[in-house]
Amino acid sequence: MPEHLFPDVESHLIDTNLFIRFERHETIDLLERAVTEHDIVLLVPQRVYEELTPESYPYDQPPIDDAIESGWVQVLDEVDYSNPVVSATMDMVRHYISAATERPEHTIEQADAEVGGAAATLLEDGLTNSIAIYTNDRAAFRGIERALSQHSYENHVQLVKAFDFADTVENRYQFSR
Amino acid sequence: MAESALSGSHPLDTMLAVSDVIQNERLARLYARVLELDTPTVEELASRSASSQTTVYEDVKHLVEIGVLKRVTDSQPHRYSARRVDMTIQTGEETFQITPTLLVALAQRDSNDNIELYVERHEVSGLATAIEYARAYTKSEMTARIMAREQEIPVLEAETILQELQEILLDVEDEISTEIDIEALDADVDEQIGE
């Protein structure tokens, strides 16, 4: 088990798959403990928030609103599409998703790249200098990393593999309730 | 039309045998347990089952008769192995794959709410389709957002079933890998953007 659960960065940005992973295992409470113990706030792009709270859905919804109310999750402002670094990042992510999934690029929506757009917006607005991105979408992350490194943000983002992270949190916290 | 099958059986016989397992959750659970335990005896199977040993014995006998299980020993106590089911069913424009993963997923219906709800909403055929998406997802070749669009379901539902099925796939399909070849992906993107 790594000594540090969370990477030493200023911002922690999560994708939909991370929150669903904890919800499925009924371990959101363990995620909350890990996050609050480390004085961290998880940042959620608007698109991710919308995906976690669909309007009509027959199942239980993940408790993202409770997490926001408790203050350990925060929804980000809109992605700044007009910023050229942001749009270039999102275009690159779309290239990567298209290549990885063998789907024509015109079928990959701008919104599919919103985690990358959110990361680029945070950096471009000067709100942060380093971001960890929690996702299991390896292709999209590679696109984010490559685009940002072409715009003088080399080594400003790092990947946290969502499922490995979730396993680590569960192993560390499940017996210490 | 059904192609490919349990080795040596006629595809039609295989299809009938497998549909028996698909429709009967108890048989699906038994098949899943044989896969998990590799080559168990009836006694070993019964010790992990809510059914009586007599019922397990009858079920095993039935699955051997229809060719889904195979007896691998010559003397008592007999041991059984699961045949690797692999069928492709084509109906009009759609094709469905019936694999051990599908049978194991069906066997988990009563213990896994997410799988149960997915089958209720999308039938067994929907689950078979989701397994194909999940196989690609496990290899980083699919995202929940794309599956959601193509199958016209919420992203939340797609991501949830993809993750459930990935856990089963990693368990059942030994050869599947979560490794991603970043260099090959970079090269594909280079080609796409003409760099």
# chains A, B, ... in the order shown; residues from 1 in each chain; ligands from 1
call {"tool": "interface_residues", "arguments": {"of": "chain A", "to": "chain B", "cutoff": "7 Å", "atoms": "only C-alpha atoms", "output": "list of chain:residue names"}}
result
A:Asn17, A:Ile20, A:Glu51, A:Leu52, A:Pro54, A:His95, A:Tyr96, A:Ala99, A:Ala100, A:Thr101, A:Asp112, A:Asp137, A:Arg138, A:Ala139
call {"tool": "residues_around", "arguments": {"residues": "Ser51 (chain B)", "least_positions_apart": "6", "cutoff": "12 Å", "atoms": "only C-alpha atoms", "output": "compact mmCIF listing (two decimals) with N, CA and C atoms, in the first residue's frame"}}
result
# COMPACT_ATOMS: atom_id res chain seq x y z
N ARG B 26 -31.13 -21.37 -11.13
CA ARG B 26 -30.44 -22.37 -10.30
C ARG B 26 -29.37 -23.09 -11.11
N LEU B 27 -29.70 -23.41 -12.36
CA LEU B 27 -28.73 -24.07 -13.22
C LEU B 27 -27.58 -23.13 -13.56
N ARG B 29 -26.46 -20.71 -11.69
CA ARG B 29 -25.59 -20.60 -10.50
C ARG B 29 -24.70 -21.84 -10.37
N LEU B 30 -25.26 -22.99 -10.69
CA LEU B 30 -24.49 -24.22 -10.60
C LEU B 30 -23.33 -24.20 -11.61
N VAL B 42 -19.89 -33.32 -6.64
CA VAL B 42 -21.26 -32.94 -6.28
C VAL B 42 -21.31 -32.49 -4.82
N GLU B 43 -20.57 -33.20 -3.97
CA GLU B 43 -20.56 -32.85 -2.55
C GLU B 43 -20.01 -31.45 -2.33
N LEU B 45 -20.00 -29.04 -4.45
CA LEU B 45 -20.97 -28.08 -4.98
C LEU B 45 -22.13 -27.89 -4.01
N TYR B 57 -27.24 -33.04 -7.29
CA TYR B 57 -26.89 -34.22 -8.08
C TYR B 57 -27.75 -34.29 -9.35
N GLU B 58 -29.07 -34.10 -9.18
CA GLU B 58 -29.98 -34.14 -10.34
C GLU B 58 -29.61 -33.05 -11.36
N ASP B 59 -29.32 -31.85 -10.85
CA ASP B 59 -28.98 -30.74 -11.74
C ASP B 59 -27.67 -31.01 -12.49
call {"tool": "select_by_dssp", "arguments": {"residues": "region 44-172 of chain A", "states": "strand (DSSP E)", "output": "VMD selection string"}}
result
chain A and resid 44 73 to 75 131 to 135 157 to 161
call {"tool": "write_last_selection", "arguments": {"atoms": "C-alpha atoms", "output": "PDB file, in the first residue's frame"}}
result
ATOM      1  CA  VAL A  44     -16.621  17.573 -10.072  1.00  0.00           C
ATOM      2  CA  VAL A  73     -17.365  17.502  -3.052  1.00  0.00           C
ATOM      3  CA  GLN A  74     -17.659  20.707  -5.059  1.00  0.00           C
ATOM      4  CA  VAL A  75     -19.146  21.235  -8.517  1.00  0.00           C
ATOM      5  CA  ILE A 131      -4.196  18.523 -10.642  1.00  0.00           C
ATOM      6  CA  ALA A 132      -4.751  14.852  -9.959  1.00  0.00           C
ATOM      7  CA  ILE A 133      -7.408  13.352 -12.218  1.00  0.00           C
ATOM      8  CA  TYR A 134      -9.245  10.336 -10.803  1.00  0.00           C
ATOM      9  CA  THR A 135     -10.585   8.238 -13.652  1.00  0.00           C
ATOM     10  CA  VAL A 157      -1.616  16.810 -14.303  1.00  0.00           C
ATOM     11  CA  GLN A 158      -1.301  13.272 -13.044  1.00  0.00           C
ATOM     12  CA  LEU A 159      -3.481  10.207 -13.295  1.00  0.00           C
ATOM     13  CA  VAL A 160      -4.956   8.407 -10.315  1.00  0.00           C
ATOM     14  CA  LYS A 161      -6.369   5.101 -11.548  1.00  0.00           C
TER      15      LYS A 161
END
call {"tool": "closest_residue", "arguments": {"among": "A:Tyr81, A:Tyr153, A:Trp72, A:Phe165", "to": "Val35 (chain A)", "atoms": "only C-alpha atoms"}}
result
A:Trp72
call {"tool": "select_by_dssp", "arguments": {"residues": "chain B", "states": "alpha helix (DSSP H)", "output": "JSON, numbers by chain"}}
result
{"B": [11, 12, 13, 14, 15, 16, 17, 18, 19, 20, 21, 22, 23, 25, 26, 27, 28, 29, 30, 31, 32, 33, 34, 35, 36, 37, 42, 43, 44, 45, 46, 47, 53, 54, 55, 56, 57, 58, 59, 60, 61, 62, 63, 64, 65, 100, 101, 102, 103, 104, 105, 106, 107, 113, 114, 115, 116, 117, 118, 119, 120, 121, 122, 123, 124, 125, 126, 127, 128, 129, 130, 131, 132, 133, 134, 135, 136, 137, 138, 144, 145, 146, 147, 148, 149, 150, 151, 155, 156, 157, 158, 159, 160, 161, 162, 163, 164, 165, 166, 167, 168, 169, 170, 171, 172, 182, 183, 184, 185, 186, 187, 188, 189, 190, 191, 192, 193]}
call {"tool": "atom_distance", "arguments": {"atom1": "CA of Gln174 (chain A)", "atom2": "CA of Thr36 (chain A)"}}
result
15.5 Å
call {"tool": "residues_around", "arguments": {"residues": "His151 (chain A)", "least_positions_apart": "2", "cutoff": "10 Å", "atoms": "only C-alpha atoms", "output": "list of chain:residue names"}}
result
A:Pro84, A:Val85, A:Val86, A:Ala88, A:Thr89, A:Ala120, A:Arg146, A:Ala147, A:Leu148, A:Ser149, A:Tyr153, A:Glu154
call {"tool": "write_last_selection", "arguments": {"atoms": "N, CA and C atoms", "output": "JSON list (two decimals), in the first residue's frame"}}
result
[["chain", "number", "residue", "atom", "x", "y", "z"],
["A", 84, "PRO", "N", -8.58, 29.04, -25.93],
["A", 84, "PRO", "CA", -7.98, 28.15, -26.93],
["A", 84, "PRO", "C", -7.28, 26.92, -26.34],
["A", 85, "VAL", "N", -6.67, 27.07, -25.16],
["A", 85, "VAL", "CA", -6.00, 25.92, -24.55],
["A", 85, "VAL", "C", -7.06, 24.89, -24.11],
["A", 86, "VAL", "N", -8.17, 25.40, -23.59],
["A", 86, "VAL", "CA", -9.25, 24.51, -23.16],
["A", 86, "VAL", "C", -9.82, 23.77, -24.37],
["A", 88, "ALA", "N", -8.43, 23.25, -27.28],
["A", 88, "ALA", "CA", -7.43, 22.35, -27.86],
["A", 88, "ALA", "C", -7.30, 21.07, -27.03],
["A", 89, "THR", "N", -7.40, 21.21, -25.72],
["A", 89, "THR", "CA", -7.34, 20.03, -24.84],
["A", 89, "THR", "C", -8.53, 19.11, -25.12],
["A", 120, "ALA", "N", -8.16, 21.88, -17.88],
["A", 120, "ALA", "CA", -7.52, 22.99, -18.60],
["A", 120, "ALA", "C", -8.05, 24.33, -18.11],
["A", 146, "ARG", "N", -1.32, 14.87, -22.95],
["A", 146, "ARG", "CA", -0.58, 15.28, -24.15],
["A", 146, "ARG", "C", -0.92, 16.71, -24.56],
["A", 147, "ALA", "N", -2.20, 17.05, -24.53],
["A", 147, "ALA", "CA", -2.61, 18.40, -24.94],
["A", 147, "ALA", "C", -2.01, 19.44, -24.01],
["A", 148, "LEU", "N", -2.08, 19.18, -22.70],
["A", 148, "LEU", "CA", -1.58, 20.19, -21.76],
["A", 148, "LEU", "C", -0.07, 20.34, -21.84],
["A", 149, "SER", "N", 0.62, 19.24, -22.13],
["A", 149, "SER", "CA", 2.08, 19.33, -22.23],
["A", 149, "SER", "C", 2.48, 20.15, -23.46],
["A", 153, "TYR", "N", 2.05, 23.09, -19.95],
["A", 153, "TYR", "CA", 1.61, 22.53, -18.67],
["A", 153, "TYR", "C", 2.14, 21.10, -18.49],
["A", 154, "GLU", "N", 3.36, 20.90, -18.90],
["A", 154, "GLU", "CA", 3.93, 19.57, -18.73],
["A", 154, "GLU", "C", 4.03, 19.25, -17.23]]
call {"tool": "residues_around", "arguments": {"residues": "region 47-50 of chain A", "least_positions_apart": "6", "cutoff": "8 Å", "atoms": "only C-alpha atoms", "output": "PDB file with C-alpha atoms, in the first residue's frame"}}
result
ATOM      1  CA  ASP A  15     -14.678  11.494 -13.176  1.00  0.00           C
ATOM      2  CA  THR A  16     -18.088   9.827 -13.055  1.00  0.00           C
ATOM      3  CA  ILE A  64     -23.554  13.269  -4.695  1.00  0.00           C
ATOM      4  CA  VAL A  75     -19.146  21.235  -8.517  1.00  0.00           C
ATOM      5  CA  ALA A 111     -19.044  16.873 -23.558  1.00  0.00           C
ATOM      6  CA  GLU A 114     -15.319  17.693 -20.287  1.00  0.00           C
ATOM      7  CA  VAL A 115     -13.011  16.314 -17.584  1.00  0.00           C
TER       8      VAL A 115
END
